[in-house]
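For reference, coords-v3.tsv is printed below; it contains TSV, C-alpha atoms.
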```tsv
chain	number	residue	atom	x	y	z
D	1	PHE	CA	113.37	76.74	164.30
D	2	ILE	CA	116.06	75.63	161.88
D	3	GLY	CA	117.76	78.49	160.07
D	4	HIS	CA	118.71	78.84	156.45
D	5	ASP	CA	122.03	77.53	155.08
D	6	THR	CA	122.02	74.95	157.89
D	7	TRP	CA	123.36	71.41	157.67
D	8	LEU	CA	122.05	68.55	159.79
D	9	GLY	CA	124.18	65.42	159.71
D	10	HIS	CA	122.80	61.90	159.32
D	11	GLY	CA	121.07	60.66	162.44
D	12	ALA	CA	121.25	63.99	164.28
D	13	VAL	CA	118.55	64.53	166.89
D	14	VAL	CA	117.31	68.05	167.63
D	15	ARG	CA	114.99	68.62	170.60
D	16	PRO	CA	111.78	70.40	169.48
D	17	GLU	CA	112.31	73.51	171.64
D	18	VAL	CA	115.83	74.13	170.28
D	19	ARG	CA	116.71	76.86	167.78
D	20	ILE	CA	119.39	76.16	165.17
D	21	GLY	CA	120.83	79.44	163.86
D	22	HIS	CA	121.43	80.30	160.22
D	23	GLY	CA	124.50	78.59	158.78
D	24	ALA	CA	124.97	76.20	161.68
D	25	VAL	CA	126.29	72.67	161.17
D	26	VAL	CA	125.10	69.76	163.32
D	27	ALA	CA	127.38	66.72	163.09
D	28	SER	CA	126.09	63.25	162.34
D	29	MET	CA	124.60	61.48	165.37
D	30	ALA	CA	124.73	64.65	167.50
D	31	VAL	CA	121.99	65.19	170.07
D	32	VAL	CA	121.16	68.90	170.22
D	33	THR	CA	119.62	69.91	173.55
D	34	LYS	CA	120.50	73.64	173.55
D	35	ASP	CA	120.21	76.45	171.02
D	36	VAL	CA	122.98	76.61	168.41
D	37	ALA	CA	124.30	80.06	167.46
D	38	PRO	CA	124.48	81.07	163.79
D	39	TYR	CA	127.42	79.65	161.82
D	40	THR	CA	128.49	77.38	164.70
D	41	VAL	CA	129.52	73.74	164.26
D	42	VAL	CA	128.30	71.39	167.00
D	43	ALA	CA	128.91	67.70	167.66
D	44	GLY	CA	128.53	65.10	170.38
D	45	ILE	CA	126.03	63.80	172.90
D	46	PRO	CA	124.95	66.27	174.05
D	47	ALA	CA	126.04	68.52	171.19
D	48	LYS	CA	128.65	71.12	172.07
D	49	PRO	CA	130.23	73.84	169.91
D	50	ILE	CA	133.48	72.70	168.32
D	51	LYS	CA	134.21	75.64	166.02
D	52	GLN	CA	132.85	78.68	164.23
D	53	ARG	CA	132.47	78.52	160.46
D	54	PHE	CA	133.28	82.23	160.11
D	55	THR	CA	134.30	85.19	162.22
D	56	PRO	CA	131.39	86.98	163.93
D	57	ASP	CA	131.69	89.86	161.43
D	58	ILE	CA	131.44	87.56	158.41
D	59	ALA	CA	128.55	85.62	159.99
D	60	GLU	CA	126.62	88.85	160.63
D	61	ARG	CA	127.23	90.02	157.07
D	62	LEU	CA	126.04	86.69	155.63
D	63	ILE	CA	122.85	86.87	157.70
D	64	ALA	CA	122.28	90.46	156.54
D	65	LEU	CA	122.87	89.43	152.91
D	66	ALA	CA	120.16	86.73	153.28
D	67	TRP	CA	121.05	85.13	149.94
D	68	TRP	CA	118.48	82.40	150.69
D	69	ASP	CA	115.76	84.97	149.97
D	70	TRP	CA	117.11	85.85	146.53
D	71	ASP	CA	114.94	84.95	143.55
D	72	HIS	CA	115.96	82.06	141.34
D	73	SER	CA	117.42	84.23	138.59
D	74	ALA	CA	119.72	86.02	141.06
D	75	LEU	CA	120.82	82.69	142.57
D	76	ARG	CA	121.47	81.26	139.11
D	77	ALA	CA	123.52	84.33	138.17
D	78	ALA	CA	125.67	83.99	141.32
D	79	LEU	CA	126.02	80.20	141.19
D	80	ASP	CA	129.61	80.10	139.92
D	81	ASP	CA	130.63	82.62	142.59
D	82	PHE	CA	128.89	80.52	145.28
D	83	ARG	CA	130.96	77.56	144.17
D	84	THR	CA	134.34	79.25	143.82
D	85	MET	CA	134.60	82.35	146.01
D	86	LYS	CA	135.51	82.46	149.66
D	87	ALA	CA	132.82	84.03	151.86
D	88	GLU	CA	134.73	87.29	152.25
D	89	ALA	CA	135.08	87.77	148.49
D	90	PHE	CA	131.44	86.83	147.91
D	91	LEU	CA	130.36	89.43	150.46
D	92	GLU	CA	132.56	92.05	148.84
D	93	LYS	CA	130.92	91.41	145.50
D	94	TYR	CA	127.28	90.98	146.59
D	95	GLY	CA	127.06	92.56	150.05
D	96	GLU	CA	126.20	96.07	151.05
```
Since I need it in another form, could you write the structure as structure tokens?
Amino acid sequence: FIGHDTWLGHGAVVRPEVRIGHGAVVASMAVVTKDVAPYTVVAGIPAKPIKQRFTPDIAERLIALAWWDWDHSALRAALDDFRTMKAEAFLEKYGE
């Protein structure tokens, strides 16, 4: 399983039984042998967490928002905000 809003760097290797959470980032050339939590950045051989992209509260709110399931017209309408707003502001505008 590879979640939505996930980045896999060039040459990264992910074992088939591993789950990559929504919003995770796997660095280039990393070898992922264990599950990666949502919105966690991992790197190395074997890959280890190096930082969180967001606080747990923001990560949970982004997962609940599930913007990746929005229809194309909603995504198009929010595109400028995606590009310019910080996550917290985006959640304030579009979240629950």
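Considering the residues D:Gly9, D:Gly23, D:Ala66, D:Ala77 and counting only C-alpha atoms, Gln52 in chain D has its shortest atom-to-atom contact with D:Gly23.
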Residues within 12 Å of Glu92 in chain D, all atoms listed in the file, excluding chain neighbours under 4 positions, as a ChimeraX atom specification = /D:58,61-62,65,81,85-88,96
May I have the protein, DNA and RNA residues with an atom at most 9 Å from (121.6, 80.8, 148.5), counting all atoms listed in the file in the file's coordinates, returned as a PyMOL selection string?
-> chain D and resi 4-5+66-70+75+78-79+82
When you draw a straight line from CA of Pro56 in chain D to CA of Pro38 in chain D, how long is it in Å?
->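 Computed distance, CA of Pro56 in chain D to CA of Pro38 in chain D, equals 9.1 Å.
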Would you list the contacts of Ala24 in chain D as a PyMOL selection string, taking every protein, DNA or RNA residue within 12 Å and counting all atoms listed in the file, but skipping same-chain residues closer than 4 positions in sequence?
-> chain D and resi 1-9+19-20+32+35-43+49-54+59+63
Centre and edge lengths, as lines of an AutoDock Vina configuration file, for the axis-aligned box enclosing every listed atom of range 72-81 of chain D with 6 Å of padding on each of the six sides, in Å to one decimal?
```
center_x = 123.3
center_y = 83.1
center_z = 140.4
size_x = 26.7
size_y = 17.9
size_z = 16.4
```
Take range 4-15 of chain D, model all heavy atoms, and hand the result over as an mmCIF file, in the coordinates of the input.
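Printed below is result12.cif as written:
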```cif
data_model
loop_
_atom_site.group_PDB
_atom_site.id
_atom_site.type_symbol
_atom_site.label_atom_id
_atom_site.label_comp_id
_atom_site.auth_asym_id
_atom_site.auth_seq_id
_atom_site.Cartn_x
_atom_site.Cartn_y
_atom_site.Cartn_z
ATOM 1 N N HIS D 4 118.285 79.059 157.824
ATOM 2 C CA HIS D 4 118.710 78.840 156.450
ATOM 3 C C HIS D 4 120.193 78.502 156.393
ATOM 4 O O HIS D 4 120.943 78.824 157.308
ATOM 5 C CB HIS D 4 118.461 80.108 155.614
ATOM 6 C CG HIS D 4 117.026 80.484 155.536
ATOM 7 N ND1 HIS D 4 116.131 79.842 154.720
ATOM 8 C CD2 HIS D 4 116.315 81.434 156.191
ATOM 9 C CE1 HIS D 4 114.940 80.374 154.857
ATOM 10 N NE2 HIS D 4 115.022 81.350 155.747
ATOM 11 N N ASP D 5 120.615 77.868 155.297
ATOM 12 C CA ASP D 5 122.030 77.530 155.080
ATOM 13 C C ASP D 5 122.559 76.668 156.220
ATOM 14 O O ASP D 5 123.692 76.800 156.657
ATOM 15 C CB ASP D 5 122.856 78.812 154.912
ATOM 16 C CG ASP D 5 124.295 78.559 154.473
ATOM 17 O OD1 ASP D 5 124.545 77.536 153.806
ATOM 18 O OD2 ASP D 5 125.169 79.385 154.797
ATOM 19 N N THR D 6 121.697 75.791 156.739
ATOM 20 C CA THR D 6 122.020 74.950 157.890
ATOM 21 C C THR D 6 122.167 73.509 157.441
ATOM 22 O O THR D 6 121.418 73.047 156.595
ATOM 23 C CB THR D 6 120.899 75.066 158.947
ATOM 24 O OG1 THR D 6 120.811 76.435 159.336
ATOM 25 C CG2 THR D 6 121.168 74.226 160.150
ATOM 26 N N TRP D 7 123.131 72.811 158.002
ATOM 27 C CA TRP D 7 123.360 71.410 157.670
ATOM 28 C C TRP D 7 123.092 70.555 158.886
ATOM 29 O O TRP D 7 123.616 70.817 159.966
ATOM 30 C CB TRP D 7 124.801 71.188 157.229
ATOM 31 C CG TRP D 7 125.275 72.067 156.118
ATOM 32 C CD1 TRP D 7 124.527 72.818 155.259
ATOM 33 C CD2 TRP D 7 126.630 72.284 155.751
ATOM 34 N NE1 TRP D 7 125.334 73.487 154.384
ATOM 35 C CE2 TRP D 7 126.643 73.177 154.669
ATOM 36 C CE3 TRP D 7 127.839 71.813 156.245
ATOM 37 C CZ2 TRP D 7 127.806 73.609 154.065
ATOM 38 C CZ3 TRP D 7 129.007 72.248 155.630
ATOM 39 C CH2 TRP D 7 128.979 73.123 154.553
ATOM 40 N N LEU D 8 122.298 69.517 158.720
ATOM 41 C CA LEU D 8 122.050 68.550 159.790
ATOM 42 C C LEU D 8 122.604 67.213 159.328
ATOM 43 O O LEU D 8 122.169 66.668 158.320
ATOM 44 C CB LEU D 8 120.555 68.415 160.086
ATOM 45 C CG LEU D 8 119.844 69.677 160.567
ATOM 46 C CD1 LEU D 8 118.365 69.404 160.762
ATOM 47 C CD2 LEU D 8 120.471 70.192 161.845
ATOM 48 N N GLY D 9 123.561 66.677 160.073
ATOM 49 C CA GLY D 9 124.180 65.420 159.710
ATOM 50 C C GLY D 9 123.247 64.239 159.908
ATOM 51 O O GLY D 9 122.254 64.303 160.643
ATOM 52 N N HIS D 10 123.580 63.137 159.269
ATOM 53 C CA HIS D 10 122.800 61.900 159.320
ATOM 54 C C HIS D 10 122.601 61.454 160.767
ATOM 55 O O HIS D 10 123.550 61.370 161.549
ATOM 56 C CB HIS D 10 123.516 60.806 158.523
ATOM 57 C CG HIS D 10 122.832 59.477 158.589
ATOM 58 N ND1 HIS D 10 121.712 59.200 157.854
ATOM 59 C CD2 HIS D 10 123.092 58.382 159.322
ATOM 60 C CE1 HIS D 10 121.319 57.966 158.124
ATOM 61 N NE2 HIS D 10 122.148 57.451 159.014
ATOM 62 N N GLY D 11 121.373 61.181 161.123
ATOM 63 C CA GLY D 11 121.070 60.660 162.440
ATOM 64 C C GLY D 11 121.098 61.689 163.564
ATOM 65 O O GLY D 11 120.961 61.316 164.734
ATOM 66 N N ALA D 12 121.251 62.960 163.239
ATOM 67 C CA ALA D 12 121.250 63.990 164.280
ATOM 68 C C ALA D 12 119.851 64.090 164.888
ATOM 69 O O ALA D 12 118.850 63.917 164.202
ATOM 70 C CB ALA D 12 121.664 65.343 163.698
ATOM 71 N N VAL D 13 119.814 64.354 166.182
ATOM 72 C CA VAL D 13 118.550 64.530 166.890
ATOM 73 C C VAL D 13 118.535 65.952 167.441
ATOM 74 O O VAL D 13 119.481 66.373 168.107
ATOM 75 C CB VAL D 13 118.412 63.524 168.055
ATOM 76 C CG1 VAL D 13 117.158 63.784 168.862
ATOM 77 C CG2 VAL D 13 118.445 62.098 167.525
ATOM 78 N N VAL D 14 117.450 66.671 167.157
ATOM 79 C CA VAL D 14 117.310 68.050 167.630
ATOM 80 C C VAL D 14 116.032 68.120 168.464
ATOM 81 O O VAL D 14 114.947 67.819 167.951
ATOM 82 C CB VAL D 14 117.234 69.043 166.446
ATOM 83 C CG1 VAL D 14 117.060 70.467 166.954
ATOM 84 C CG2 VAL D 14 118.472 68.935 165.565
ATOM 85 N N ARG D 15 116.156 68.485 169.731
ATOM 86 C CA ARG D 15 114.990 68.620 170.600
ATOM 87 C C ARG D 15 114.041 69.671 170.004
ATOM 88 O O ARG D 15 114.499 70.650 169.416
ATOM 89 C CB ARG D 15 115.416 69.041 172.005
ATOM 90 C CG ARG D 15 116.335 68.061 172.698
ATOM 91 C CD ARG D 15 115.656 66.989 173.431
ATOM 92 N NE ARG D 15 114.648 67.583 174.316
ATOM 93 C CZ ARG D 15 113.602 66.920 174.780
ATOM 94 N NH1 ARG D 15 113.427 65.668 174.474
ATOM 95 N NH2 ARG D 15 112.744 67.511 175.567
#
```
